Amino acid sequence: MSLGGIPPLSGFFAKFAIVKASLLGDSQFPLGAPILAVVALAVGLLTLYSMTKIWNEAFWKEPATPLAPSSLSRRDAWLLYSPVVFLAALTVCIGLAPSFFFDIAMRAADQLLNPTAYIQAVMRRT
């Protein structure tokens with residue numbers, strides 16, 4: 001759902017930023033910036049559709065062979081599930097507090113567009 005841009009997950013705010021910038025910003029494209037917003041939203045819908053099909057095939061379809069009873073200990077199960085739970089919680093946190101992550105992304109973009117400060121910092125250390 002994050003890939004498709006469903007709130008409050010992190011993909012929503014990225015999609016929102018693209019749509020907002022395309023509707024409010026100046027455009028150099030012949031069709032105008034609103035077409036970029038339409039494309040971003042259409043891609044989000046297509047992503048949701050394809051991910052739903054994949055999810056249904058992978059998790060809701062009856063398995064071809066019966067599954068064997070799990071022989072995992074509680075510790076092993078915790079080791080397997082903890083990264084999934086952590087990443088899902090992180091995705092929700094990014095969705096609930098996007099300004100912190102946008103600030104980091106904007107600073108990184110600024111350094112990529114204007115690398116002189118980075119170059120000077122590297123050259124002083126060598």
# chains A, B, ... in the order shown; residues from 1 in each chain; ligands from 1
call {"tool": "residues_around", "arguments": {"residues": "stretch 52-59 of chain A", "least_positions_apart": "4", "cutoff": "12 Å", "atoms": "only C-alpha atoms", "output": "compact mmCIF listing (two decimals) with C-alpha atoms, in the first residue's frame"}}
result
# COMPACT_ATOMS: atom_id res chain seq x y z
CA MET A 1 0.00 0.00 0.00
CA LEU A 3 4.04 1.85 -3.05
CA GLY A 4 0.62 2.93 -4.26
CA LEU A 45 -3.51 3.10 -9.10
CA LEU A 46 -1.77 0.66 -11.44
CA THR A 47 0.73 -0.16 -8.71
CA LEU A 48 -2.07 -0.87 -6.26
CA PRO A 63 -1.03 -23.89 -1.75
CA ALA A 64 -0.32 -26.58 -4.34
call {"tool": "select_by_dssp", "arguments": {"residues": "chain A", "states": "helix (DSSP H, G or I)", "output": "PyMOL selection string"}}
result
chain A and resi 10-24+34-60+74-96+98-113+116-125
call {"tool": "residues_around", "arguments": {"residues": "A:Cys93", "least_positions_apart": "4", "cutoff": "10 Å", "atoms": "only C-alpha atoms", "output": "ChimeraX atom specification"}}
result
/A:8-10,87-89,97-98
call {"tool": "write_last_selection", "arguments": {"atoms": "C-alpha atoms", "output": "PDB file, in the first residue's frame"}}
result
ATOM      1  CA  PRO A   8      -0.693   7.419   6.230  1.00  0.00           C
ATOM      2  CA  LEU A   9       2.119   5.349   4.752  1.00  0.00           C
ATOM      3  CA  SER A  10       5.318   6.890   3.433  1.00  0.00           C
ATOM      4  CA  LEU A  87      10.070  -2.160   8.655  1.00  0.00           C
ATOM      5  CA  ALA A  88       6.271  -1.972   8.737  1.00  0.00           C
ATOM      6  CA  ALA A  89       6.425   0.255  11.826  1.00  0.00           C
ATOM      7  CA  ALA A  97       6.007  12.314  10.531  1.00  0.00           C
ATOM      8  CA  PRO A  98       7.130  13.010   6.958  1.00  0.00           C
TER       9      PRO A  98
END
call {"tool": "decode", "arguments": {"residues": "stretch 48-63 of chain A", "atoms": "all heavy atoms", "output": "compact mmCIF listing (two decimals), in the first residue's frame"}}
result
# COMPACT_ATOMS: atom_id res chain seq x y z
N LEU A 48 -1.16 -0.21 -7.20
CA LEU A 48 -2.07 -0.87 -6.26
C LEU A 48 -2.73 -2.10 -6.88
O LEU A 48 -2.83 -3.16 -6.24
CB LEU A 48 -3.16 0.10 -5.80
CG LEU A 48 -2.77 1.06 -4.69
CD1 LEU A 48 -3.90 2.03 -4.41
CD2 LEU A 48 -2.42 0.30 -3.43
N TYR A 49 -3.14 -1.97 -8.13
CA TYR A 49 -3.78 -3.10 -8.81
C TYR A 49 -2.81 -4.28 -8.93
O TYR A 49 -3.16 -5.41 -8.60
CB TYR A 49 -4.26 -2.66 -10.19
CG TYR A 49 -4.83 -3.78 -11.01
CD1 TYR A 49 -6.06 -4.34 -10.70
CD2 TYR A 49 -4.13 -4.31 -12.09
CE1 TYR A 49 -6.58 -5.39 -11.44
CE2 TYR A 49 -4.64 -5.34 -12.83
CZ TYR A 49 -5.86 -5.89 -12.51
OH TYR A 49 -6.36 -6.92 -13.24
N SER A 50 -1.59 -4.00 -9.38
CA SER A 50 -0.63 -5.10 -9.57
C SER A 50 -0.20 -5.71 -8.24
O SER A 50 -0.07 -6.93 -8.13
CB SER A 50 0.58 -4.62 -10.36
OG SER A 50 1.32 -3.67 -9.62
N MET A 51 -0.03 -4.88 -7.22
CA MET A 51 0.37 -5.41 -5.91
C MET A 51 -0.76 -6.24 -5.29
O MET A 51 -0.50 -7.24 -4.62
CB MET A 51 0.76 -4.27 -4.96
CG MET A 51 2.08 -3.63 -5.28
SD MET A 51 3.43 -4.78 -5.03
CE MET A 51 4.22 -4.73 -6.60
N THR A 52 -2.00 -5.85 -5.53
CA THR A 52 -3.14 -6.63 -5.03
C THR A 52 -3.17 -8.00 -5.70
O THR A 52 -3.41 -9.02 -5.04
CB THR A 52 -4.46 -5.88 -5.29
OG1 THR A 52 -4.38 -4.60 -4.66
CG2 THR A 52 -5.64 -6.64 -4.74
N LYS A 53 -2.93 -8.04 -7.01
CA LYS A 53 -2.89 -9.33 -7.71
C LYS A 53 -1.75 -10.20 -7.18
O LYS A 53 -1.94 -11.40 -6.97
CB LYS A 53 -2.74 -9.10 -9.21
CG LYS A 53 -3.82 -8.25 -9.82
CD LYS A 53 -4.79 -8.85 -10.71
CE LYS A 53 -4.36 -9.91 -11.62
NZ LYS A 53 -5.47 -10.78 -11.98
N ILE A 54 -0.59 -9.61 -6.98
CA ILE A 54 0.55 -10.38 -6.47
C ILE A 54 0.26 -10.87 -5.05
O ILE A 54 0.54 -12.03 -4.72
CB ILE A 54 1.83 -9.51 -6.50
CG1 ILE A 54 2.25 -9.26 -7.95
CG2 ILE A 54 2.96 -10.15 -5.72
CD1 ILE A 54 3.32 -8.22 -8.12
N TRP A 55 -0.30 -10.01 -4.20
CA TRP A 55 -0.63 -10.39 -2.83
C TRP A 55 -1.62 -11.55 -2.81
O TRP A 55 -1.45 -12.51 -2.06
CB TRP A 55 -1.21 -9.17 -2.09
CG TRP A 55 -1.55 -9.45 -0.67
CD1 TRP A 55 -2.74 -9.90 -0.20
CD2 TRP A 55 -0.70 -9.33 0.46
NE1 TRP A 55 -2.70 -10.04 1.15
CE2 TRP A 55 -1.45 -9.71 1.60
CE3 TRP A 55 0.61 -8.93 0.63
CZ2 TRP A 55 -0.92 -9.69 2.86
CZ3 TRP A 55 1.14 -8.91 1.91
CH2 TRP A 55 0.38 -9.30 3.00
N ASN A 56 -2.66 -11.45 -3.63
CA ASN A 56 -3.66 -12.52 -3.68
C ASN A 56 -3.05 -13.84 -4.14
O ASN A 56 -3.36 -14.90 -3.60
CB ASN A 56 -4.82 -12.14 -4.59
CG ASN A 56 -5.71 -11.10 -3.98
OD1 ASN A 56 -5.74 -10.94 -2.77
ND2 ASN A 56 -6.43 -10.37 -4.81
N GLU A 57 -2.19 -13.77 -5.13
CA GLU A 57 -1.55 -14.99 -5.64
C GLU A 57 -0.60 -15.59 -4.61
O GLU A 57 -0.54 -16.81 -4.43
CB GLU A 57 -0.79 -14.67 -6.93
CG GLU A 57 -0.21 -15.85 -7.63
CD GLU A 57 -1.26 -16.78 -8.24
OE1 GLU A 57 -2.36 -16.32 -8.57
OE2 GLU A 57 -0.94 -17.97 -8.40
N ALA A 58 0.14 -14.76 -3.92
CA ALA A 58 1.16 -15.26 -2.99
C ALA A 58 0.58 -15.70 -1.65
O ALA A 58 1.07 -16.67 -1.07
CB ALA A 58 2.22 -14.19 -2.77
N PHE A 59 -0.45 -15.01 -1.16
CA PHE A 59 -0.86 -15.26 0.20
C PHE A 59 -2.26 -15.84 0.36
O PHE A 59 -2.55 -16.47 1.37
CB PHE A 59 -0.75 -13.98 1.03
CG PHE A 59 0.66 -13.48 1.13
CD1 PHE A 59 1.06 -12.37 0.42
CD2 PHE A 59 1.59 -14.14 1.91
CE1 PHE A 59 2.36 -11.91 0.51
CE2 PHE A 59 2.89 -13.69 2.01
CZ PHE A 59 3.28 -12.58 1.30
N TRP A 60 -3.15 -15.60 -0.58
CA TRP A 60 -4.53 -16.06 -0.40
C TRP A 60 -4.87 -17.28 -1.22
O TRP A 60 -5.89 -17.92 -0.98
CB TRP A 60 -5.51 -14.93 -0.73
CG TRP A 60 -5.41 -13.82 0.26
CD1 TRP A 60 -4.81 -12.62 0.07
CD2 TRP A 60 -5.88 -13.82 1.61
NE1 TRP A 60 -4.89 -11.86 1.21
CE2 TRP A 60 -5.54 -12.58 2.17
CE3 TRP A 60 -6.55 -14.74 2.38
CZ2 TRP A 60 -5.85 -12.25 3.47
CZ3 TRP A 60 -6.86 -14.40 3.69
CH2 TRP A 60 -6.51 -13.16 4.22
N LYS A 61 -4.05 -17.62 -2.19
CA LYS A 61 -4.30 -18.80 -3.00
C LYS A 61 -3.99 -20.05 -2.19
O LYS A 61 -3.05 -20.09 -1.41
CB LYS A 61 -3.41 -18.72 -4.25
CG LYS A 61 -3.65 -19.83 -5.23
CD LYS A 61 -2.76 -19.66 -6.44
CE LYS A 61 -2.96 -20.78 -7.41
NZ LYS A 61 -2.07 -20.66 -8.56
N GLU A 62 -4.76 -21.09 -2.42
CA GLU A 62 -4.53 -22.36 -1.75
C GLU A 62 -3.20 -22.94 -2.23
O GLU A 62 -2.93 -22.98 -3.42
CB GLU A 62 -5.68 -23.32 -2.10
CG GLU A 62 -5.79 -24.51 -1.19
CD GLU A 62 -6.17 -24.14 0.23
OE1 GLU A 62 -6.97 -23.20 0.42
OE2 GLU A 62 -5.67 -24.81 1.14
N PRO A 63 -2.32 -23.36 -1.32
CA PRO A 63 -1.03 -23.89 -1.75
C PRO A 63 -1.18 -25.18 -2.55
O PRO A 63 -2.10 -25.97 -2.31
CB PRO A 63 -0.27 -24.14 -0.44
CG PRO A 63 -1.31 -24.19 0.62
CD PRO A 63 -2.47 -23.38 0.13
